[in-house]
Each structure stands twice: as structure tokens, then as C-alpha cells.
2 protein chains.
Amino acid sequence: MTAALPVICAALGDPTRWEILTRLGEGPMSASALARVLPVSRQAIGKHLEVLREVGLVESEQRGREVVHLAVGARLGALARELDRIGRSWETRLLRIKEVAERPGPHTRGASG
Amino acid sequence: MTAALPVICAALGDPTRWEILTRLGEGPMSASALARVLPVSRQAIGKHLEVLREVGLVESEQRGREVVHLAVGARLGALARELDRIGRSWETRLLRIKEVAERPGPHTRGASG
DNA sequence: CCCATGTGCAATCGTTGAGTTGCATTTCGA
DNA sequence: TCGAAATGCAACTCAACGATTGCACATGGG
């Protein structure tokens, strides 16, 4: 679980996977059902589902003859929190830099380059 | 809306770009400076920076002879909010489905687990 | 001025990954 | 039982992408 952030983002980076996730967010579906409404083959869908399951964005469950898949919102929420935290840290650093740059410092320049 | 969500996620999906972003989150750097600390050529860095700038994750500024780049935390925060919203919608749908499934209907099949 | 540094553009190469086709297997329903 | 539907695995094609090299141009410092 808890795959590295770039890996999860890469999983979200493919437009077809995004389409799949959108459908699975509306309700559970099988790979064959997805292949009927999306312009790709069932096998391609299956590969995408495996990628999504690897990073925890999708959970699968065997229901009789078919396997139904469902989007996991909690994992996406966790990713969102991570990204938000990182974004805030970037802004904090930026504020520090600006603060130092605009500070009417006596003579803090020159030696740090 | 600057760039579609999958596009931004794809930009975040590459490990090298993630490294670049991490460095640029600590402070502004030029492409050459990044190439000195990362195991890739300056040209490769330049291409990654262009991708990151396209989706608004990096801003660039000409400072004399060199161009310094900086990570934009606000854009990452916006992405995080979008992902969080989507994740919550998925969970909401899931709750609805479970609710319907557990509702005592005309002929409820005892499916547990 | 002259050289070192920094940048941009173009061509190229190897790998990755998305997508397809084919086949064997399993399972539900008539 | 028999067929239709769903799945999994494997081999293959092909375009996109990451990365490199080479070259030309601009700029700042000694």
C-alpha cells in the first residue's frame, strides 16, 4: 500500500485510467462492462485496472462469474492531503526567501552566492 | 482551469520531475544548477522544466544570464483540493450503494461479505 | 576584448507503456 | 450438459517519452 507519490500520480496521469476511475466512482463495474462503454479492448481495461489496484485507487471483488471493480476515494483523499502539505511547504519556503530578500538587512548579501 | 487533471498528474508522475520539483521547492535554481545535482543532462532538465511550466507547477524568471525556476505551491494546492473533492464524491456514491444494498427489499438475498 | 558559463534548438536512440489479437479456462443459465 | 459470457495470460505492434549528444547564440566577468 502507500505507494510512492510519483507512482500514484503516474497512475492518475493516463486519460483512459482517468475515464475508468470516473466510471468506477459512479458505481462498481466489471472489466467487460467497462470495455463496452469505453473505446478500448477488455484486455487493455484489465491492465489499467491492475495498475490502479497496485496503487490502491481501485478495489476488486469476485462476484460469481465476473469481477467487479470500485474506485477507492479514501486513497485519493490521502494523496490530496500529501500534495496539499507539500504545496504549503513550498509556499512557506517562498515566503522565507522573499522575506529575506526584502528585509532591509544591514549587510547580509554577497558572501552567500 | 489551467490544465486538465490527468495532465498535471502525468507531469507529477515522472520521478525525475519529482526530484526537480523537490529541489525547486527549497529555493529557486537554474537548469544548469539542477543538472549539477541531478544525474541527468541539462537538456533533459530543460525539457522537464518546460513540462512543469506548462501545467503551472513551475514558474521561471530571467535573472541576468541565467533563468531561475521555482516550484509553485498554489498550483499543487489547487490540484489537491480537486482530488480531495473527487475522492469524497466517490465515497458518497459508495455509501449510497451500500445503503441500497442493505435496504430490506422484497426479496433480500443474504449476501454477507 | 576574450573566455567561461548558461541557454535554446534539433536530431537521434533506447525503453517504456498503451493497445491489440489470440487462446485457454472458468462459470452462469437454459 | 452445452453454449454464451467473463476472465487471465502471453506475444506482438507501435507511438510516445526520457535522455543524450552536438551545435549555435547570448551574456557576464576578468
# chains A, B, ... in the order shown; residues from 1 in each chain; ligands from 1
call {"tool": "interface_residues", "arguments": {"of": "chain C", "to": "chain B", "cutoff": "9 Å", "atoms": "only C-alpha atoms (C1' of nucleotides)", "output": "PyMOL selection string"}}
result
chain C and resi 5-7
call {"tool": "write_last_selection", "arguments": {"atoms": "N, CA and C atoms (P, O5', C5', C4', C3', O3' and C1' of nucleotides)", "output": "compact mmCIF listing (two decimals), in the first residue's frame"}}
result
# COMPACT_ATOMS: atom_id res chain seq x y z
P DT C 5 33.42 27.59 -16.50
O5' DT C 5 31.93 28.15 -16.57
C5' DT C 5 31.64 29.40 -15.94
C4' DT C 5 30.25 29.85 -16.32
C3' DT C 5 29.19 28.75 -16.26
O3' DT C 5 28.11 29.19 -15.45
C1' DT C 5 29.06 29.91 -18.31
P DG C 6 26.94 28.17 -15.14
O5' DG C 6 25.81 28.61 -16.17
C5' DG C 6 25.39 29.97 -16.20
C4' DG C 6 24.30 30.14 -17.23
C3' DG C 6 23.31 28.98 -17.29
O3' DG C 6 21.97 29.46 -17.24
C1' DG C 6 24.17 29.44 -19.45
P DT C 7 20.75 28.42 -17.31
O5' DT C 7 20.26 28.55 -18.81
C5' DT C 7 20.06 29.84 -19.39
C4' DT C 7 19.76 29.74 -20.87
C3' DT C 7 18.73 28.65 -21.23
O3' DT C 7 17.54 29.26 -21.69
C1' DT C 7 20.60 28.66 -22.71
call {"tool": "select_by_dssp", "arguments": {"residues": "segment 8-84 of chain A", "states": "strand (DSSP E)", "output": "count of residues only"}}
result
14
call {"tool": "interface_residues", "arguments": {"of": "chain A", "to": "chain B", "cutoff": "8 Å", "atoms": "only C-alpha atoms", "output": "CSV table (one decimal) with C-alpha atoms, in the first residue's frame"}}
result
chain,number,residue,atom,x,y,z
A,5,LEU,CA,3.6,9.7,-4.7
A,6,PRO,CA,5.0,9.8,-8.2
A,7,VAL,CA,3.7,6.3,-8.8
A,8,ILE,CA,0.2,7.2,-7.8
A,9,CYS,CA,0.3,10.4,-9.9
A,10,ALA,CA,1.6,8.4,-12.8
A,11,ALA,CA,-1.4,6.0,-12.4
A,12,LEU,CA,-3.7,9.1,-12.5
A,13,GLY,CA,-1.8,10.6,-15.4
A,14,ASP,CA,-3.3,8.3,-18.1
A,15,PRO,CA,-6.6,9.7,-19.6
A,18,TRP,CA,-9.0,8.6,-15.5
A,25,GLY,CA,-16.6,6.3,-9.0
A,26,GLU,CA,-20.2,6.1,-10.0
A,27,GLY,CA,-20.6,2.5,-9.1
A,71,ALA,CA,-12.9,3.4,-7.1
A,72,VAL,CA,-11.4,4.0,-3.6
A,73,GLY,CA,-12.0,7.6,-2.5
A,74,ALA,CA,-10.0,7.3,0.7
A,75,ARG,CA,-6.8,6.7,-1.2
A,76,LEU,CA,-7.4,9.7,-3.4
A,77,GLY,CA,-8.1,11.8,-0.3
A,79,LEU,CA,-2.9,11.6,-1.9
A,80,ALA,CA,-4.7,15.0,-1.9
A,81,ARG,CA,-3.6,15.7,1.7
A,83,LEU,CA,0.1,17.1,-2.1
A,84,ASP,CA,-1.5,19.9,-0.1
A,86,ILE,CA,3.9,19.7,0.1
A,87,GLY,CA,2.4,22.7,-1.7
A,88,ARG,CA,2.1,24.5,1.6
A,89,SER,CA,5.8,23.8,2.4
A,90,TRP,CA,6.8,25.2,-1.0
A,91,GLU,CA,4.9,28.4,-0.3
A,93,ARG,CA,9.9,28.4,1.7
A,94,LEU,CA,9.0,31.0,-0.9
A,97,ILE,CA,13.0,33.7,0.7
call {"tool": "calpha_fit_and_write", "arguments": {"fixed": "chain A", "moving": "chain B", "output": "PDB file with C-alpha atoms, in the first residue's frame"}}
result
ATOM      1  CA  MET B   1       1.123   3.605   3.824  1.00  0.00           C
ATOM      2  CA  THR B   2      -0.151   1.409   1.025  1.00  0.00           C
ATOM      3  CA  ALA B   3       1.961   2.627  -1.842  1.00  0.00           C
ATOM      4  CA  ALA B   4       4.636   5.283  -2.250  1.00  0.00           C
ATOM      5  CA  LEU B   5       3.439   8.642  -3.511  1.00  0.00           C
ATOM      6  CA  PRO B   6       5.252   8.494  -6.878  1.00  0.00           C
ATOM      7  CA  VAL B   7       3.707   5.102  -7.539  1.00  0.00           C
ATOM      8  CA  ILE B   8       0.181   6.373  -6.930  1.00  0.00           C
ATOM      9  CA  CYS B   9       0.853   9.443  -9.047  1.00  0.00           C
ATOM     10  CA  ALA B  10       2.202   7.254 -11.827  1.00  0.00           C
ATOM     11  CA  ALA B  11      -1.010   5.226 -11.689  1.00  0.00           C
ATOM     12  CA  LEU B  12      -2.957   8.471 -12.042  1.00  0.00           C
ATOM     13  CA  GLY B  13      -0.686   9.683 -14.818  1.00  0.00           C
ATOM     14  CA  ASP B  14      -2.085   7.537 -17.600  1.00  0.00           C
ATOM     15  CA  PRO B  15      -5.032   9.081 -19.508  1.00  0.00           C
ATOM     16  CA  THR B  16      -6.707   5.735 -20.072  1.00  0.00           C
ATOM     17  CA  ARG B  17      -6.521   4.919 -16.372  1.00  0.00           C
ATOM     18  CA  TRP B  18      -7.943   8.335 -15.632  1.00  0.00           C
ATOM     19  CA  GLU B  19     -10.859   7.585 -17.943  1.00  0.00           C
ATOM     20  CA  ILE B  20     -11.402   4.276 -16.209  1.00  0.00           C
ATOM     21  CA  LEU B  21     -11.352   5.948 -12.818  1.00  0.00           C
ATOM     22  CA  THR B  22     -13.825   8.544 -13.980  1.00  0.00           C
ATOM     23  CA  ARG B  23     -16.250   5.836 -15.067  1.00  0.00           C
ATOM     24  CA  LEU B  24     -15.732   3.827 -11.902  1.00  0.00           C
ATOM     25  CA  GLY B  25     -16.356   6.951  -9.884  1.00  0.00           C
ATOM     26  CA  GLU B  26     -19.857   7.118 -11.322  1.00  0.00           C
ATOM     27  CA  GLY B  27     -20.633   3.554 -10.387  1.00  0.00           C
ATOM     28  CA  PRO B  28     -19.341  -0.009 -10.334  1.00  0.00           C
ATOM     29  CA  MET B  29     -18.534  -1.578 -13.696  1.00  0.00           C
ATOM     30  CA  SER B  30     -16.986  -4.752 -15.027  1.00  0.00           C
ATOM     31  CA  ALA B  31     -13.907  -4.841 -17.254  1.00  0.00           C
ATOM     32  CA  SER B  32     -16.001  -5.918 -20.214  1.00  0.00           C
ATOM     33  CA  ALA B  33     -18.449  -3.092 -19.667  1.00  0.00           C
ATOM     34  CA  LEU B  34     -15.564  -0.630 -19.558  1.00  0.00           C
ATOM     35  CA  ALA B  35     -14.127  -2.090 -22.741  1.00  0.00           C
ATOM     36  CA  ARG B  36     -17.433  -1.387 -24.488  1.00  0.00           C
ATOM     37  CA  VAL B  37     -17.381   2.309 -23.699  1.00  0.00           C
ATOM     38  CA  LEU B  38     -13.635   2.919 -23.982  1.00  0.00           C
ATOM     39  CA  PRO B  39     -11.521   2.642 -27.129  1.00  0.00           C
ATOM     40  CA  VAL B  40      -9.265  -0.083 -25.737  1.00  0.00           C
ATOM     41  CA  SER B  41      -9.456  -3.828 -25.483  1.00  0.00           C
ATOM     42  CA  ARG B  42     -10.757  -5.682 -22.461  1.00  0.00           C
ATOM     43  CA  GLN B  43      -7.305  -7.068 -21.698  1.00  0.00           C
ATOM     44  CA  ALA B  44      -5.793  -3.611 -21.640  1.00  0.00           C
ATOM     45  CA  ILE B  45      -8.556  -2.507 -19.286  1.00  0.00           C
ATOM     46  CA  GLY B  46      -7.763  -5.468 -17.077  1.00  0.00           C
ATOM     47  CA  LYS B  47      -4.119  -4.489 -16.808  1.00  0.00           C
ATOM     48  CA  HIS B  48      -5.024  -0.914 -15.917  1.00  0.00           C
ATOM     49  CA  LEU B  49      -7.446  -2.156 -13.293  1.00  0.00           C
ATOM     50  CA  GLU B  50      -4.715  -4.262 -11.754  1.00  0.00           C
ATOM     51  CA  VAL B  51      -2.426  -1.222 -11.557  1.00  0.00           C
ATOM     52  CA  LEU B  52      -5.182   0.829  -9.976  1.00  0.00           C
ATOM     53  CA  ARG B  53      -6.009  -1.918  -7.511  1.00  0.00           C
ATOM     54  CA  GLU B  54      -2.343  -2.246  -6.542  1.00  0.00           C
ATOM     55  CA  VAL B  55      -2.252   1.344  -5.337  1.00  0.00           C
ATOM     56  CA  GLY B  56      -5.656   1.149  -3.673  1.00  0.00           C
ATOM     57  CA  LEU B  57      -7.502   3.442  -6.060  1.00  0.00           C
ATOM     58  CA  VAL B  58      -9.875   0.690  -7.137  1.00  0.00           C
ATOM     59  CA  GLU B  59     -11.566  -2.164  -5.325  1.00  0.00           C
ATOM     60  CA  SER B  60     -12.924  -5.242  -7.052  1.00  0.00           C
ATOM     61  CA  GLU B  61     -15.658  -7.627  -6.114  1.00  0.00           C
ATOM     62  CA  GLN B  62     -16.781 -10.853  -7.716  1.00  0.00           C
ATOM     63  CA  ARG B  63     -20.464 -10.696  -8.502  1.00  0.00           C
ATOM     64  CA  GLY B  64     -21.543 -13.945 -10.020  1.00  0.00           C
ATOM     65  CA  ARG B  65     -19.970 -14.396 -13.403  1.00  0.00           C
ATOM     66  CA  GLU B  66     -18.416 -10.984 -13.591  1.00  0.00           C
ATOM     67  CA  VAL B  67     -16.079  -8.873 -11.477  1.00  0.00           C
ATOM     68  CA  VAL B  68     -17.238  -5.338 -10.758  1.00  0.00           C
ATOM     69  CA  HIS B  69     -14.757  -2.576  -9.965  1.00  0.00           C
ATOM     70  CA  LEU B  70     -15.233   0.693  -8.109  1.00  0.00           C
ATOM     71  CA  ALA B  71     -13.133   3.805  -7.536  1.00  0.00           C
ATOM     72  CA  VAL B  72     -12.022   4.355  -3.939  1.00  0.00           C
ATOM     73  CA  GLY B  73     -12.369   8.029  -3.052  1.00  0.00           C
ATOM     74  CA  ALA B  74     -10.755   7.638   0.363  1.00  0.00           C
ATOM     75  CA  ARG B  75      -7.426   6.671  -1.159  1.00  0.00           C
ATOM     76  CA  LEU B  76      -7.498   9.687  -3.430  1.00  0.00           C
ATOM     77  CA  GLY B  77      -8.303  11.892  -0.463  1.00  0.00           C
ATOM     78  CA  ALA B  78      -5.337  10.519   1.448  1.00  0.00           C
ATOM     79  CA  LEU B  79      -3.076  11.270  -1.487  1.00  0.00           C
ATOM     80  CA  ALA B  80      -4.491  14.776  -1.706  1.00  0.00           C
ATOM     81  CA  ARG B  81      -3.721  15.427   1.954  1.00  0.00           C
ATOM     82  CA  GLU B  82      -0.151  14.200   1.519  1.00  0.00           C
ATOM     83  CA  LEU B  83       0.418  16.414  -1.498  1.00  0.00           C
ATOM     84  CA  ASP B  84      -1.099  19.403   0.247  1.00  0.00           C
ATOM     85  CA  ARG B  85       1.157  18.891   3.254  1.00  0.00           C
ATOM     86  CA  ILE B  86       4.246  18.692   1.046  1.00  0.00           C
ATOM     87  CA  GLY B  87       3.205  21.753  -0.914  1.00  0.00           C
ATOM     88  CA  ARG B  88       2.798  23.735   2.282  1.00  0.00           C
ATOM     89  CA  SER B  89       6.244  22.664   3.471  1.00  0.00           C
ATOM     90  CA  TRP B  90       7.717  23.937   0.215  1.00  0.00           C
ATOM     91  CA  GLU B  91       6.092  27.302   0.692  1.00  0.00           C
ATOM     92  CA  THR B  92       7.326  27.473   4.248  1.00  0.00           C
ATOM     93  CA  ARG B  93      10.905  26.882   3.143  1.00  0.00           C
ATOM     94  CA  LEU B  94      10.499  29.474   0.452  1.00  0.00           C
ATOM     95  CA  LEU B  95       9.317  32.053   2.962  1.00  0.00           C
ATOM     96  CA  ARG B  96      12.311  31.284   5.169  1.00  0.00           C
ATOM     97  CA  ILE B  97      14.694  31.781   2.288  1.00  0.00           C
ATOM     98  CA  LYS B  98      13.118  35.052   1.286  1.00  0.00           C
ATOM     99  CA  GLU B  99      13.218  36.182   4.883  1.00  0.00           C
ATOM    100  CA  VAL B 100      16.932  35.492   5.109  1.00  0.00           C
ATOM    101  CA  ALA B 101      17.557  37.140   1.763  1.00  0.00           C
ATOM    102  CA  GLU B 102      15.767  40.318   2.756  1.00  0.00           C
ATOM    103  CA  ARG B 103      17.341  40.488   6.183  1.00  0.00           C
ATOM    104  CA  PRO B 104      19.628  43.542   6.418  1.00  0.00           C
ATOM    105  CA  GLY B 105      22.981  41.809   6.778  1.00  0.00           C
ATOM    106  CA  PRO B 106      26.573  43.135   6.960  1.00  0.00           C
ATOM    107  CA  HIS B 107      26.804  43.916   3.280  1.00  0.00           C
ATOM    108  CA  THR B 108      23.460  43.649   1.560  1.00  0.00           C
ATOM    109  CA  ARG B 109      23.607  43.603  -2.172  1.00  0.00           C
ATOM    110  CA  GLY B 110      20.659  45.378  -3.639  1.00  0.00           C
ATOM    111  CA  ALA B 111      19.271  42.561  -5.732  1.00  0.00           C
ATOM    112  CA  SER B 112      15.760  43.463  -6.711  1.00  0.00           C
ATOM    113  CA  GLY B 113      14.004  41.061  -9.042  1.00  0.00           C
TER     114      GLY B 113
END
call {"tool": "residues_around", "arguments": {"residues": "DG22 of chain C", "least_positions_apart": "4", "cutoff": "12 Å", "atoms": "only C-alpha atoms (C1' of nucleotides)", "output": "tab-separated table (two decimals) with C-alpha atoms (C1' of nucleotides), in the first residue's frame"}}
result
chain	number	residue	atom	x	y	z
A	43	GLN	CA	-7.62	-6.61	-22.09
D	9	DC	C1'	-2.15	-14.97	-19.64
D	10	DA	C1'	1.08	-14.31	-23.46
D	11	DA	C1'	3.08	-12.38	-27.66
D	12	DC	C1'	3.18	-8.58	-30.65
call {"tool": "select_by_dssp", "arguments": {"residues": "chain A", "states": "helix (DSSP H, G or I)", "output": "count of residues only"}}
result
70
call {"tool": "closest_atom_pairs", "arguments": {"of": "chain D", "to": "chain B", "cutoff": "9 Å", "atoms": "only C-alpha atoms (C1' of nucleotides)", "output": "JSON lines"}}
result
{"residue": "D:DG18", "atom": "C1'", "partner": "B:Ala44", "partner_atom": "CA", "distance": 7.7}
{"residue": "D:DA19", "atom": "C1'", "partner": "B:Ala44", "partner_atom": "CA", "distance": 6.2}
{"residue": "D:DT20", "atom": "C1'", "partner": "B:Ser41", "partner_atom": "CA", "distance": 7.5}
{"residue": "D:DA26", "atom": "C1'", "partner": "B:Arg65", "partner_atom": "CA", "distance": 8.1}
{"residue": "D:DT27", "atom": "C1'", "partner": "B:Arg65", "partner_atom": "CA", "distance": 5.3}
{"residue": "D:DG28", "atom": "C1'", "partner": "B:Arg65", "partner_atom": "CA", "distance": 6.8}
call {"tool": "atom_distance", "arguments": {"atom1": "atom C1' of DT20 of chain C", "atom2": "atom C1' of DT13 of chain D"}}
result
8.1 Å
call {"tool": "atom_distance", "arguments": {"atom1": "atom C1' of DA5 of chain D", "atom2": "atom C1' of DG19 of chain C"}}
result
22.4 Å
call {"tool": "residues_around", "arguments": {"residues": "DT16 of chain C", "least_positions_apart": "3", "cutoff": "12 Å", "atoms": "only C-alpha atoms (C1' of nucleotides)", "output": "ChimeraX atom specification"}}
result
/D:14-18
call {"tool": "write_last_selection", "arguments": {"atoms": "N, CA and C atoms (P, O5', C5', C4', C3', O3' and C1' of nucleotides)", "output": "PDB file, in the first residue's frame"}}
result
ATOM      1  P    DC D  14       3.539  -2.093 -36.645  1.00  0.00           P
ATOM      2  O5'  DC D  14       3.366  -0.810 -35.719  1.00  0.00           O
ATOM      3  C5'  DC D  14       2.098  -0.541 -35.124  1.00  0.00           C
ATOM      4  C4'  DC D  14       2.215   0.628 -34.162  1.00  0.00           C
ATOM      5  C3'  DC D  14       3.209   1.710 -34.606  1.00  0.00           C
ATOM      6  O3'  DC D  14       2.625   2.987 -34.405  1.00  0.00           O
ATOM      7  C1'  DC D  14       3.734   0.976 -32.426  1.00  0.00           C
ATOM      8  P    DA D  15       3.137   4.230 -35.344  1.00  0.00           P
ATOM      9  O5'  DA D  15       2.902   5.466 -34.362  1.00  0.00           O
ATOM     10  C5'  DA D  15       1.708   5.503 -33.588  1.00  0.00           C
ATOM     11  C4'  DA D  15       2.027   5.920 -32.151  1.00  0.00           C
ATOM     12  C3'  DA D  15       2.776   7.252 -32.041  1.00  0.00           C
ATOM     13  O3'  DA D  15       2.121   8.077 -31.097  1.00  0.00           O
ATOM     14  C1'  DA D  15       3.909   5.573 -30.823  1.00  0.00           C
ATOM     15  P    DA D  16       2.482   9.624 -31.052  1.00  0.00           P
ATOM     16  O5'  DA D  16       2.986   9.743 -29.542  1.00  0.00           O
ATOM     17  C5'  DA D  16       2.289   9.037 -28.529  1.00  0.00           C
ATOM     18  C4'  DA D  16       3.126   8.969 -27.262  1.00  0.00           C
ATOM     19  C3'  DA D  16       3.854  10.277 -26.927  1.00  0.00           C
ATOM     20  O3'  DA D  16       3.671  10.577 -25.562  1.00  0.00           O
ATOM     21  C1'  DA D  16       5.408   8.484 -27.041  1.00  0.00           C
ATOM     22  P    DC D  17       4.231  11.952 -24.993  1.00  0.00           P
ATOM     23  O5'  DC D  17       5.496  11.467 -24.139  1.00  0.00           O
ATOM     24  C5'  DC D  17       5.379  10.298 -23.335  1.00  0.00           C
ATOM     25  C4'  DC D  17       6.737   9.936 -22.778  1.00  0.00           C
ATOM     26  C3'  DC D  17       7.585  11.156 -22.401  1.00  0.00           C
ATOM     27  O3'  DC D  17       8.215  10.924 -21.159  1.00  0.00           O
ATOM     28  C1'  DC D  17       8.785   9.768 -23.868  1.00  0.00           C
ATOM     29  P    DG D  18       8.692  12.181 -20.305  1.00  0.00           P
ATOM     30  O5'  DG D  18      10.073  11.672 -19.686  1.00  0.00           O
ATOM     31  C5'  DG D  18      10.195  10.319 -19.295  1.00  0.00           C
ATOM     32  C4'  DG D  18      11.616   9.837 -19.522  1.00  0.00           C
ATOM     33  C3'  DG D  18      12.692  10.833 -19.087  1.00  0.00           C
ATOM     34  O3'  DG D  18      13.704  10.151 -18.371  1.00  0.00           O
ATOM     35  C1'  DG D  18      13.012  10.234 -21.345  1.00  0.00           C
TER      36       DG D  18
END
